[in-house]
Amino acid sequence: MTRIPVALDGSCSGLQNLAMALRCEKTGSSVNLIPSDTPSDIYSDVATMVAEHLTKGLAINTGILKAQARREAIEHVATVLGKEKKRSKASLIGIVEKAIETKDTSNALAKEAYDLYNEQMNAWAWLKFGINRKLCKRPVMTFAYGSGVYGFTQQLKDDILYPAYEETQLLLQQAEITAQEAEERFPFEGRGDQAASMLAKHIYKAVLTKVEKAATIMSWMQSCSRLITKNNQSIWWKTPLGFPVLHRYMKKETLRVKTNLGGHVWKPSIQIDTKDIDSRRMANAISPNLVHSLDSSHLMLVVNQAIDEGINSLALIHDSFGTHASEIPRFFQVVREAFVELYKVNPFIELAENFRGQMPEEMQDSIPSLPPEGSLNIHSVLQSDFAFA
């Protein structure tokens, strides 16, 4: 007897859905849609790409302490600028040091020096801290749901840097580590905000390299959204299973409400919808909402087919499919068969016609073309042992 569900989780399901829809072999290979003897790990691949890029551009040794790293970074920046600006290294060292101390970048040369210095120090700090799978997982995983550089930055702060900073400070206050050990544990400036912003850009570039076609269709969705909302209208579509979706985000206005509570006057602020479409939020949200439309359709197909085959105990979270261990061999096939069924036809073809019909006739020709389909055989997922694991 078993009562504990065994879960089959999609290998970065957002990208899996886009890869299947677009027949993208490159993305499909990265997220285990193609049979392989060993699992692909897009999170580790991105981490490796980022680390290699930072290492290639780093001119200072990661084995040194921060004070020495700062000196080497200043020397490097002065050398680089000296060659570009035809100025003496000694004079430029003074400019770099002043820019770092005052953070005054109103002067173009000072700004360039300050940026180059921070680029070196942030790269040094990240490589010393360690760039690994865990660090890159959430940014990569949320990319297909609309997360970009800003979102990646916040994730790095909330998931990695702030907890590491607070833990290091606590250990330091409790005298469990020395100041030098604290610096080794957390080599960033402040709480690492600037370092988070820098690394987010590198992660974003690496993800685009790995999943170029998926990035293209996301851009296509945003372009369509901007065109449709020019006329202050919401957007609608149907999922591949026919479920209607209304995509609507309105601009907000703030109201102060005067009320009495416990004998005191309170004036809380509330936000209410206006009658105007928020075009920016509509464009930002269309990719994640569409991808969720697709993976929810997959889940529904899985449930229906599983029940038809007598598998009635299910534990589900949009990209995680669980049942009893005794049912897993067949259930694993069901999950993959439903995925193939969902993508027999590229859903973006119908979606493009749907979007075109929501535009005024004079604007319909302005809708961008869909990216060309790739060469992925969608049936290959049926033989992939690591697509859902």
# chains A, B, ... in the order shown; residues from 1 in each chain; ligands from 1
>>> residues_around(residues="stretch 88-104 of chain A", least_positions_apart="6", cutoff="6 Å", atoms="only C-alpha atoms", output="list in words")
Ala78, Thr79, Gly82, Ala110, Ala113 and Tyr114 of chain A
>>> residues_around(residues="A:Leu161", least_positions_apart="6", cutoff="12 Å", atoms="only C-alpha atoms", output="mmCIF file with all heavy atoms, in the first residue's frame")
data_model
loop_
_atom_site.group_PDB
_atom_site.id
_atom_site.type_symbol
_atom_site.label_atom_id
_atom_site.label_comp_id
_atom_site.auth_asym_id
_atom_site.auth_seq_id
_atom_site.Cartn_x
_atom_site.Cartn_y
_atom_site.Cartn_z
ATOM 1 N N ALA A 125 33.577 39.549 -7.109
ATOM 2 C CA ALA A 125 32.779 39.135 -5.957
ATOM 3 C C ALA A 125 31.912 37.917 -6.292
ATOM 4 O O ALA A 125 31.816 36.975 -5.500
ATOM 5 C CB ALA A 125 31.914 40.290 -5.480
ATOM 6 N N TRP A 126 31.283 37.936 -7.462
ATOM 7 C CA TRP A 126 30.419 36.810 -7.834
ATOM 8 C C TRP A 126 31.223 35.524 -8.016
ATOM 9 O O TRP A 126 30.786 34.448 -7.584
ATOM 10 C CB TRP A 126 29.645 37.120 -9.112
ATOM 11 C CG TRP A 126 28.373 37.886 -8.876
ATOM 12 C CD1 TRP A 126 28.070 39.136 -9.315
ATOM 13 C CD2 TRP A 126 27.227 37.435 -8.132
ATOM 14 N NE1 TRP A 126 26.808 39.501 -8.902
ATOM 15 C CE2 TRP A 126 26.268 38.478 -8.179
ATOM 16 C CE3 TRP A 126 26.926 36.270 -7.443
ATOM 17 C CZ2 TRP A 126 25.032 38.371 -7.549
ATOM 18 C CZ3 TRP A 126 25.687 36.164 -6.809
ATOM 19 C CH2 TRP A 126 24.755 37.202 -6.876
ATOM 20 N N PHE A 129 32.116 34.349 -4.634
ATOM 21 C CA PHE A 129 30.927 33.856 -3.943
ATOM 22 C C PHE A 129 30.485 32.503 -4.508
ATOM 23 O O PHE A 129 30.067 31.615 -3.783
ATOM 24 C CB PHE A 129 29.802 34.883 -4.080
ATOM 25 C CG PHE A 129 28.549 34.551 -3.338
ATOM 26 C CD1 PHE A 129 28.451 34.762 -1.975
ATOM 27 C CD2 PHE A 129 27.442 34.037 -4.009
ATOM 28 C CE1 PHE A 129 27.282 34.467 -1.282
ATOM 29 C CE2 PHE A 129 26.271 33.739 -3.329
ATOM 30 C CZ PHE A 129 26.190 33.960 -1.960
ATOM 31 N N GLY A 130 30.576 32.395 -5.848
ATOM 32 C CA GLY A 130 30.194 31.151 -6.516
ATOM 33 C C GLY A 130 28.946 31.301 -7.358
ATOM 34 O O GLY A 130 27.897 31.709 -6.851
ATOM 35 N N LEU A 135 21.703 29.444 -8.017
ATOM 36 C CA LEU A 135 21.659 30.880 -8.229
ATOM 37 C C LEU A 135 20.897 31.238 -9.505
ATOM 38 O O LEU A 135 20.186 32.237 -9.562
ATOM 39 C CB LEU A 135 23.095 31.398 -8.285
ATOM 40 C CG LEU A 135 23.333 32.906 -8.302
ATOM 41 C CD1 LEU A 135 24.646 33.212 -7.577
ATOM 42 C CD2 LEU A 135 23.434 33.410 -9.730
ATOM 43 N N THR A 153 16.944 40.575 -11.154
ATOM 44 C CA THR A 153 17.651 41.347 -10.126
ATOM 45 C C THR A 153 16.979 41.167 -8.767
ATOM 46 O O THR A 153 17.638 40.912 -7.756
ATOM 47 C CB THR A 153 17.686 42.846 -10.501
ATOM 48 O OG1 THR A 153 18.360 43.001 -11.750
ATOM 49 C CG2 THR A 153 18.414 43.655 -9.443
ATOM 50 N N GLN A 154 15.660 41.304 -8.744
ATOM 51 C CA GLN A 154 14.932 41.150 -7.485
ATOM 52 C C GLN A 154 15.064 39.737 -6.933
ATOM 53 O O GLN A 154 15.194 39.537 -5.723
ATOM 54 C CB GLN A 154 13.457 41.498 -7.683
ATOM 55 C CG GLN A 154 13.199 42.973 -7.995
ATOM 56 C CD GLN A 154 13.745 43.893 -6.910
ATOM 57 O OE1 GLN A 154 14.571 44.756 -7.162
ATOM 58 N NE2 GLN A 154 13.297 43.683 -5.685
ATOM 59 N N GLN A 155 15.025 38.748 -7.816
ATOM 60 C CA GLN A 155 15.157 37.360 -7.371
ATOM 61 C C GLN A 155 16.526 37.106 -6.751
ATOM 62 O O GLN A 155 16.636 36.429 -5.720
ATOM 63 C CB GLN A 155 14.926 36.424 -8.556
ATOM 64 C CG GLN A 155 13.485 36.405 -9.039
ATOM 65 C CD GLN A 155 13.344 35.820 -10.431
ATOM 66 O OE1 GLN A 155 14.298 35.291 -11.002
ATOM 67 N NE2 GLN A 155 12.152 35.909 -10.994
ATOM 68 N N GLU A 167 22.805 36.470 7.172
ATOM 69 C CA GLU A 167 23.432 35.359 7.875
ATOM 70 C C GLU A 167 24.874 35.692 8.247
ATOM 71 O O GLU A 167 25.317 35.419 9.370
ATOM 72 C CB GLU A 167 23.396 34.101 7.006
ATOM 73 C CG GLU A 167 23.999 32.884 7.693
ATOM 74 C CD GLU A 167 24.043 31.670 6.797
ATOM 75 O OE1 GLU A 167 23.648 31.773 5.606
ATOM 76 O OE2 GLU A 167 24.491 30.609 7.265
ATOM 77 N N THR A 168 25.594 36.307 7.307
ATOM 78 C CA THR A 168 26.987 36.681 7.567
ATOM 79 C C THR A 168 27.080 37.713 8.681
ATOM 80 O O THR A 168 27.932 37.601 9.576
ATOM 81 C CB THR A 168 27.638 37.236 6.286
ATOM 82 O OG1 THR A 168 27.562 36.246 5.255
ATOM 83 C CG2 THR A 168 29.095 37.598 6.516
ATOM 84 N N ARG A 185 32.962 35.203 2.994
ATOM 85 C CA ARG A 185 31.612 34.653 2.828
ATOM 86 C C ARG A 185 30.737 35.555 1.975
ATOM 87 O O ARG A 185 29.918 35.073 1.183
ATOM 88 C CB ARG A 185 30.935 34.472 4.189
ATOM 89 C CG ARG A 185 31.450 33.315 5.023
ATOM 90 C CD ARG A 185 30.758 33.330 6.381
ATOM 91 N NE ARG A 185 29.319 33.202 6.232
ATOM 92 C CZ ARG A 185 28.632 32.054 6.317
ATOM 93 N NH1 ARG A 185 29.280 30.928 6.547
ATOM 94 N NH2 ARG A 185 27.323 32.032 6.174
ATOM 95 N N PHE A 186 30.888 36.867 2.165
ATOM 96 C CA PHE A 186 30.047 37.825 1.454
ATOM 97 C C PHE A 186 30.940 38.944 0.915
ATOM 98 O O PHE A 186 31.109 39.983 1.554
ATOM 99 C CB PHE A 186 28.971 38.393 2.378
ATOM 100 C CG PHE A 186 27.875 39.116 1.648
ATOM 101 C CD1 PHE A 186 26.826 38.413 1.079
ATOM 102 C CD2 PHE A 186 27.901 40.498 1.508
ATOM 103 C CE1 PHE A 186 25.808 39.065 0.390
ATOM 104 C CE2 PHE A 186 26.894 41.165 0.824
ATOM 105 C CZ PHE A 186 25.842 40.448 0.265
ATOM 106 N N PRO A 187 31.507 38.755 -0.274
ATOM 107 C CA PRO A 187 32.502 39.700 -0.790
ATOM 108 C C PRO A 187 31.937 40.919 -1.514
ATOM 109 O O PRO A 187 32.687 41.683 -2.131
ATOM 110 C CB PRO A 187 33.303 38.824 -1.772
ATOM 111 C CG PRO A 187 32.324 37.808 -2.234
ATOM 112 C CD PRO A 187 31.384 37.558 -1.102
ATOM 113 N N PHE A 188 30.628 41.118 -1.442
ATOM 114 C CA PHE A 188 29.983 42.203 -2.186
ATOM 115 C C PHE A 188 30.018 43.514 -1.404
ATOM 116 O O PHE A 188 30.191 43.537 -0.191
ATOM 117 C CB PHE A 188 28.535 41.838 -2.503
ATOM 118 C CG PHE A 188 28.390 40.541 -3.224
ATOM 119 C CD1 PHE A 188 28.096 39.375 -2.529
ATOM 120 C CD2 PHE A 188 28.556 40.467 -4.593
ATOM 121 C CE1 PHE A 188 27.965 38.161 -3.190
ATOM 122 C CE2 PHE A 188 28.431 39.263 -5.263
ATOM 123 C CZ PHE A 188 28.140 38.107 -4.553
ATOM 124 N N GLU A 189 29.798 44.617 -2.134
ATOM 125 C CA GLU A 189 29.641 45.928 -1.511
ATOM 126 C C GLU A 189 28.222 46.051 -0.967
ATOM 127 O O GLU A 189 27.254 45.677 -1.640
ATOM 128 C CB GLU A 189 29.909 47.044 -2.519
ATOM 129 C CG GLU A 189 31.350 47.131 -3.002
ATOM 130 C CD GLU A 189 32.303 47.564 -1.901
ATOM 131 O OE1 GLU A 189 31.854 48.257 -0.963
ATOM 132 O OE2 GLU A 189 33.493 47.213 -1.970
ATOM 133 N N GLY A 190 28.099 46.579 0.259
ATOM 134 C CA GLY A 190 26.780 46.750 0.859
ATOM 135 C C GLY A 190 26.059 45.424 0.960
ATOM 136 O O GLY A 190 26.631 44.411 1.365
ATOM 137 N N ARG A 191 24.799 45.421 0.537
ATOM 138 C CA ARG A 191 24.019 44.178 0.543
ATOM 139 C C ARG A 191 24.020 43.499 -0.824
ATOM 140 O O ARG A 191 23.309 42.529 -1.043
ATOM 141 C CB ARG A 191 22.577 44.464 0.976
ATOM 142 C CG ARG A 191 22.439 44.960 2.401
ATOM 143 C CD ARG A 191 21.059 44.677 2.956
ATOM 144 N NE ARG A 191 19.993 45.328 2.176
ATOM 145 C CZ ARG A 191 18.699 45.036 2.315
ATOM 146 N NH1 ARG A 191 18.301 44.129 3.176
ATOM 147 N NH2 ARG A 191 17.794 45.679 1.596
ATOM 148 N N GLY A 192 24.822 44.049 -1.755
ATOM 149 C CA GLY A 192 24.968 43.408 -3.059
ATOM 150 C C GLY A 192 23.991 43.866 -4.116
ATOM 151 O O GLY A 192 23.850 43.219 -5.148
ATOM 152 N N ASP A 193 23.325 45.012 -3.903
ATOM 153 C CA ASP A 193 22.318 45.467 -4.870
ATOM 154 C C ASP A 193 22.904 45.681 -6.258
ATOM 155 O O ASP A 193 22.324 45.260 -7.268
ATOM 156 C CB ASP A 193 21.665 46.760 -4.371
ATOM 157 C CG ASP A 193 20.884 46.552 -3.094
ATOM 158 O OD1 ASP A 193 21.483 46.588 -2.009
ATOM 159 O OD2 ASP A 193 19.667 46.338 -3.180
ATOM 160 N N GLN A 194 24.032 46.367 -6.307
ATOM 161 C CA GLN A 194 24.651 46.650 -7.606
ATOM 162 C C GLN A 194 25.126 45.362 -8.275
ATOM 163 O O GLN A 194 24.984 45.195 -9.492
ATOM 164 C CB GLN A 194 25.833 47.608 -7.409
ATOM 165 C CG GLN A 194 26.355 48.210 -8.703
ATOM 166 C CD GLN A 194 27.473 49.187 -8.426
ATOM 167 O OE1 GLN A 194 28.548 48.797 -7.978
ATOM 168 N NE2 GLN A 194 27.231 50.463 -8.689
ATOM 169 N N ALA A 195 25.645 44.444 -7.482
ATOM 170 C CA ALA A 195 26.102 43.167 -8.022
ATOM 171 C C ALA A 195 24.930 42.363 -8.585
ATOM 172 O O ALA A 195 25.067 41.677 -9.610
ATOM 173 C CB ALA A 195 26.811 42.367 -6.930
ATOM 174 N N ALA A 196 23.772 42.438 -7.944
ATOM 175 C CA ALA A 196 22.585 41.728 -8.423
ATOM 176 C C ALA A 196 22.168 42.246 -9.792
ATOM 177 O O ALA A 196 21.859 41.476 -10.707
ATOM 178 C CB ALA A 196 21.436 41.888 -7.431
ATOM 179 N N SER A 197 22.177 43.559 -9.946
ATOM 180 C CA SER A 197 21.804 44.170 -11.221
ATOM 181 C C SER A 197 22.756 43.747 -12.329
ATOM 182 O O SER A 197 22.338 43.423 -13.448
ATOM 183 C CB SER A 197 21.790 45.695 -11.079
ATOM 184 O OG SER A 197 21.474 46.301 -12.305
ATOM 185 N N LEU A 199 24.721 40.982 -12.469
ATOM 186 C CA LEU A 199 24.627 39.569 -12.813
ATOM 187 C C LEU A 199 23.318 39.261 -13.533
ATOM 188 O O LEU A 199 23.278 38.395 -14.415
ATOM 189 C CB LEU A 199 24.738 38.704 -11.561
ATOM 190 C CG LEU A 199 24.973 37.221 -11.881
ATOM 191 C CD1 LEU A 199 26.390 37.015 -12.405
ATOM 192 C CD2 LEU A 199 24.732 36.345 -10.673
#
>>> select_by_dssp(residues="stretch 64-248 of chain A", states="strand (DSSP E or B)", output="VMD selection string")
chain A and resid 235 to 238 244 to 247
>>> select_by_dssp(residues="stretch 133-211 of chain A", states="helix (DSSP H, G or I)", output="MDAnalysis selection string")
chainID A and resid 133:143 149:173 179:185 193:210
>>> residues_around(residues="A:Ser313", least_positions_apart="5", cutoff="10 Å", atoms="only C-alpha atoms", output="PDB file with all heavy atoms, in the first residue's frame")
ATOM      1  N   ARG A   3       0.643   5.616  -0.006  1.00  0.00           N
ATOM      2  CA  ARG A   3      -0.200   6.813   0.114  1.00  0.00           C
ATOM      3  C   ARG A   3       0.585   8.086  -0.193  1.00  0.00           C
ATOM      4  O   ARG A   3       0.047   9.173  -0.104  1.00  0.00           O
ATOM      5  CB  ARG A   3      -0.799   6.882   1.524  1.00  0.00           C
ATOM      6  CG  ARG A   3      -1.831   5.791   1.798  1.00  0.00           C
ATOM      7  CD  ARG A   3      -2.425   5.917   3.186  1.00  0.00           C
ATOM      8  NE  ARG A   3      -3.486   4.944   3.390  1.00  0.00           N
ATOM      9  CZ  ARG A   3      -3.297   3.681   3.741  1.00  0.00           C
ATOM     10  NH1 ARG A   3      -2.055   3.238   3.930  1.00  0.00           N
ATOM     11  NH2 ARG A   3      -4.306   2.873   3.915  1.00  0.00           N
ATOM     12  N   PRO A   5       2.413  10.470  -2.818  1.00  0.00           N
ATOM     13  CA  PRO A   5       2.466  10.689  -4.273  1.00  0.00           C
ATOM     14  C   PRO A   5       3.903  10.823  -4.767  1.00  0.00           C
ATOM     15  O   PRO A   5       4.751  11.415  -4.111  1.00  0.00           O
ATOM     16  CB  PRO A   5       1.697  12.001  -4.466  1.00  0.00           C
ATOM     17  CG  PRO A   5       1.849  12.721  -3.159  1.00  0.00           C
ATOM     18  CD  PRO A   5       1.888  11.651  -2.106  1.00  0.00           C
ATOM     19  N   VAL A 303      -5.066  14.912 -16.858  1.00  0.00           N
ATOM     20  CA  VAL A 303      -6.095  14.445 -15.919  1.00  0.00           C
ATOM     21  C   VAL A 303      -7.149  13.605 -16.641  1.00  0.00           C
ATOM     22  O   VAL A 303      -7.519  12.508 -16.182  1.00  0.00           O
ATOM     23  CB  VAL A 303      -6.748  15.642 -15.200  1.00  0.00           C
ATOM     24  CG1 VAL A 303      -7.977  15.193 -14.425  1.00  0.00           C
ATOM     25  CG2 VAL A 303      -5.747  16.309 -14.275  1.00  0.00           C
ATOM     26  N   ALA A 306      -5.653  10.271 -17.772  1.00  0.00           N
ATOM     27  CA  ALA A 306      -5.333   9.423 -16.617  1.00  0.00           C
ATOM     28  C   ALA A 306      -6.604   8.774 -16.062  1.00  0.00           C
ATOM     29  O   ALA A 306      -6.638   7.558 -15.792  1.00  0.00           O
ATOM     30  CB  ALA A 306      -4.634  10.249 -15.541  1.00  0.00           C
ATOM     31  N   ILE A 307      -7.659   9.558 -15.912  1.00  0.00           N
ATOM     32  CA  ILE A 307      -8.918   9.020 -15.363  1.00  0.00           C
ATOM     33  C   ILE A 307      -9.528   7.999 -16.321  1.00  0.00           C
ATOM     34  O   ILE A 307     -10.067   6.975 -15.896  1.00  0.00           O
ATOM     35  CB  ILE A 307      -9.883  10.176 -15.045  1.00  0.00           C
ATOM     36  CG1 ILE A 307      -9.351  10.965 -13.837  1.00  0.00           C
ATOM     37  CG2 ILE A 307     -11.287   9.659 -14.776  1.00  0.00           C
ATOM     38  CD1 ILE A 307     -10.138  12.191 -13.488  1.00  0.00           C
ATOM     39  N   GLY A 322       1.574  14.148 -10.076  1.00  0.00           N
ATOM     40  CA  GLY A 322       1.855  13.103  -9.108  1.00  0.00           C
ATOM     41  C   GLY A 322       0.761  12.069  -8.999  1.00  0.00           C
ATOM     42  O   GLY A 322      -0.428  12.375  -9.143  1.00  0.00           O
ATOM     43  N   THR A 323       1.174  10.831  -8.758  1.00  0.00           N
ATOM     44  CA  THR A 323       0.232   9.751  -8.459  1.00  0.00           C
ATOM     45  C   THR A 323       0.987   8.701  -7.653  1.00  0.00           C
ATOM     46  O   THR A 323       2.147   8.886  -7.304  1.00  0.00           O
ATOM     47  CB  THR A 323      -0.370   9.144  -9.740  1.00  0.00           C
ATOM     48  OG1 THR A 323      -1.440   8.263  -9.389  1.00  0.00           O
ATOM     49  CG2 THR A 323       0.664   8.398 -10.552  1.00  0.00           C
ATOM     50  N   HIS A 324       0.342   7.574  -7.366  1.00  0.00           N
ATOM     51  CA  HIS A 324       0.989   6.528  -6.583  1.00  0.00           C
ATOM     52  C   HIS A 324       2.128   5.878  -7.361  1.00  0.00           C
ATOM     53  O   HIS A 324       2.089   5.785  -8.595  1.00  0.00           O
ATOM     54  CB  HIS A 324      -0.033   5.463  -6.177  1.00  0.00           C
ATOM     55  CG  HIS A 324      -1.072   5.971  -5.234  1.00  0.00           C
ATOM     56  ND1 HIS A 324      -0.753   6.518  -4.011  1.00  0.00           N
ATOM     57  CD2 HIS A 324      -2.431   6.034  -5.324  1.00  0.00           C
ATOM     58  CE1 HIS A 324      -1.871   6.878  -3.389  1.00  0.00           C
ATOM     59  NE2 HIS A 324      -2.895   6.608  -4.166  1.00  0.00           N
ATOM     60  N   GLU A 327       1.487   3.372 -10.150  1.00  0.00           N
ATOM     61  CA  GLU A 327       0.905   3.855 -11.404  1.00  0.00           C
ATOM     62  C   GLU A 327       1.894   4.646 -12.256  1.00  0.00           C
ATOM     63  O   GLU A 327       1.580   5.009 -13.395  1.00  0.00           O
ATOM     64  CB  GLU A 327      -0.308   4.765 -11.107  1.00  0.00           C
ATOM     65  CG  GLU A 327      -1.391   4.134 -10.262  1.00  0.00           C
ATOM     66  CD  GLU A 327      -2.249   3.162 -11.061  1.00  0.00           C
ATOM     67  OE1 GLU A 327      -1.912   2.866 -12.217  1.00  0.00           O
ATOM     68  OE2 GLU A 327      -3.252   2.690 -10.502  1.00  0.00           O
TER      69      GLU A 327
END
>>> closest_residue(among="A:Pro139, A:Pro360, A:Gly148, A:Pro347", to="A:Arg23", atoms="only C-alpha atoms")
A:Pro347
>>> residues_around(residues="A:Ser296", least_positions_apart="6", cutoff="10 Å", atoms="only C-alpha atoms", output="list in words")
Thr239, Pro240, Leu241, Leu290, Val302, Ile317, His318 and Asp319 of chain A
>>> residues_around(residues="A:Val77", least_positions_apart="3", cutoff="7 Å", atoms="only C-alpha atoms", output="JSON, numbers by chain")
{"A": [73, 74, 80, 81, 113, 116, 117]}
>>> residues_around(residues="stretch 331-344 of chain A", least_positions_apart="5", cutoff="7 Å", atoms="only C-alpha atoms", output="ChimeraX atom specification")
/A:20-21,298,301-302,305-306,378-379,381-382
>>> residues_around(residues="A:Thr48", least_positions_apart="5", cutoff="9 Å", atoms="only C-alpha atoms", output="PyMOL selection string")
chain A and resi 43+53+131-133
>>> closest_residue(among="A:Leu22, A:Met221, A:Ala200, A:Ala108", to="A:Val345", atoms="only C-alpha atoms")
A:Leu22
>>> atom_distance(atom1="atom CA of A:Ala47", atom2="atom CA of A:Ile160")
14.2 Å
>>> atom_distance(atom1="atom CA of A:Gly28", atom2="atom CA of A:Ala215")
13.4 Å
>>> closest_residue(among="A:Gly63, A:Pro372, A:Pro288, A:Gly242", to="A:Tyr145", atoms="only C-alpha atoms")
A:Pro288
>>> atom_distance(atom1="atom CA of A:Leu18", atom2="atom CA of A:Ala214")
5.9 Å
>>> decode(residues="stretch 136-205 of chain A", atoms="C-alpha atoms", output="compact mmCIF listing (two decimals), in the first residue's frame")
# COMPACT_ATOMS: atom_id res chain seq x y z
CA CYS A 136 20.44 30.70 -11.84
CA LYS A 137 17.46 28.38 -11.45
CA ARG A 138 14.70 30.81 -10.56
CA PRO A 139 15.65 33.46 -13.15
CA VAL A 140 15.81 30.85 -15.92
CA MET A 141 12.61 29.13 -14.76
CA THR A 142 10.63 32.38 -14.73
CA PHE A 143 11.98 33.68 -18.06
CA ALA A 144 9.20 32.02 -20.08
CA TYR A 145 6.67 33.60 -17.71
CA GLY A 146 7.81 37.12 -18.55
CA SER A 147 10.62 37.73 -16.08
CA GLY A 148 13.51 39.85 -17.38
CA VAL A 149 16.49 41.77 -16.06
CA TYR A 150 14.46 43.63 -13.43
CA GLY A 151 12.79 40.44 -12.20
CA PHE A 152 16.09 38.55 -12.19
CA THR A 153 17.65 41.35 -10.13
CA GLN A 154 14.93 41.15 -7.48
CA GLN A 155 15.16 37.36 -7.37
CA LEU A 156 18.93 37.46 -6.84
CA LYS A 157 18.47 39.93 -4.01
CA ASP A 158 15.60 38.14 -2.29
CA ASP A 159 16.76 34.54 -2.80
CA ILE A 160 20.54 34.80 -2.63
CA LEU A 161 22.15 38.05 -1.57
CA TYR A 162 19.99 39.42 1.23
CA PRO A 163 19.77 36.08 3.10
CA ALA A 164 23.54 35.56 2.70
CA TYR A 165 24.23 39.10 3.93
CA GLU A 166 21.98 38.75 6.97
CA GLU A 167 23.43 35.36 7.87
CA THR A 168 26.99 36.68 7.57
CA GLN A 169 26.22 39.73 9.69
CA LEU A 170 24.60 37.56 12.36
CA LEU A 171 27.63 35.26 12.53
CA LEU A 172 29.89 38.30 12.73
CA GLN A 173 27.86 39.87 15.55
CA GLN A 174 27.93 36.61 17.48
CA ALA A 175 31.72 36.46 17.02
CA GLU A 176 31.45 33.09 15.29
CA ILE A 177 33.49 34.40 12.35
CA THR A 178 36.15 37.10 11.95
CA ALA A 179 35.80 40.20 9.78
CA GLN A 180 38.07 38.58 7.20
CA GLU A 181 35.95 35.42 7.18
CA ALA A 182 32.83 37.57 6.78
CA GLU A 183 34.42 39.24 3.77
CA GLU A 184 35.20 35.83 2.27
CA ARG A 185 31.61 34.65 2.83
CA PHE A 186 30.05 37.82 1.45
CA PRO A 187 32.50 39.70 -0.79
CA PHE A 188 29.98 42.20 -2.19
CA GLU A 189 29.64 45.93 -1.51
CA GLY A 190 26.78 46.75 0.86
CA ARG A 191 24.02 44.18 0.54
CA GLY A 192 24.97 43.41 -3.06
CA ASP A 193 22.32 45.47 -4.87
CA GLN A 194 24.65 46.65 -7.61
CA ALA A 195 26.10 43.17 -8.02
CA ALA A 196 22.59 41.73 -8.42
CA SER A 197 21.80 44.17 -11.22
CA MET A 198 25.04 43.33 -13.02
CA LEU A 199 24.63 39.57 -12.81
CA ALA A 200 20.97 39.75 -13.85
CA LYS A 201 22.06 41.24 -17.18
CA HIS A 202 24.57 38.44 -17.71
CA ILE A 203 22.01 35.75 -16.87
CA TYR A 204 19.50 37.33 -19.24
CA LYS A 205 22.01 37.33 -22.11
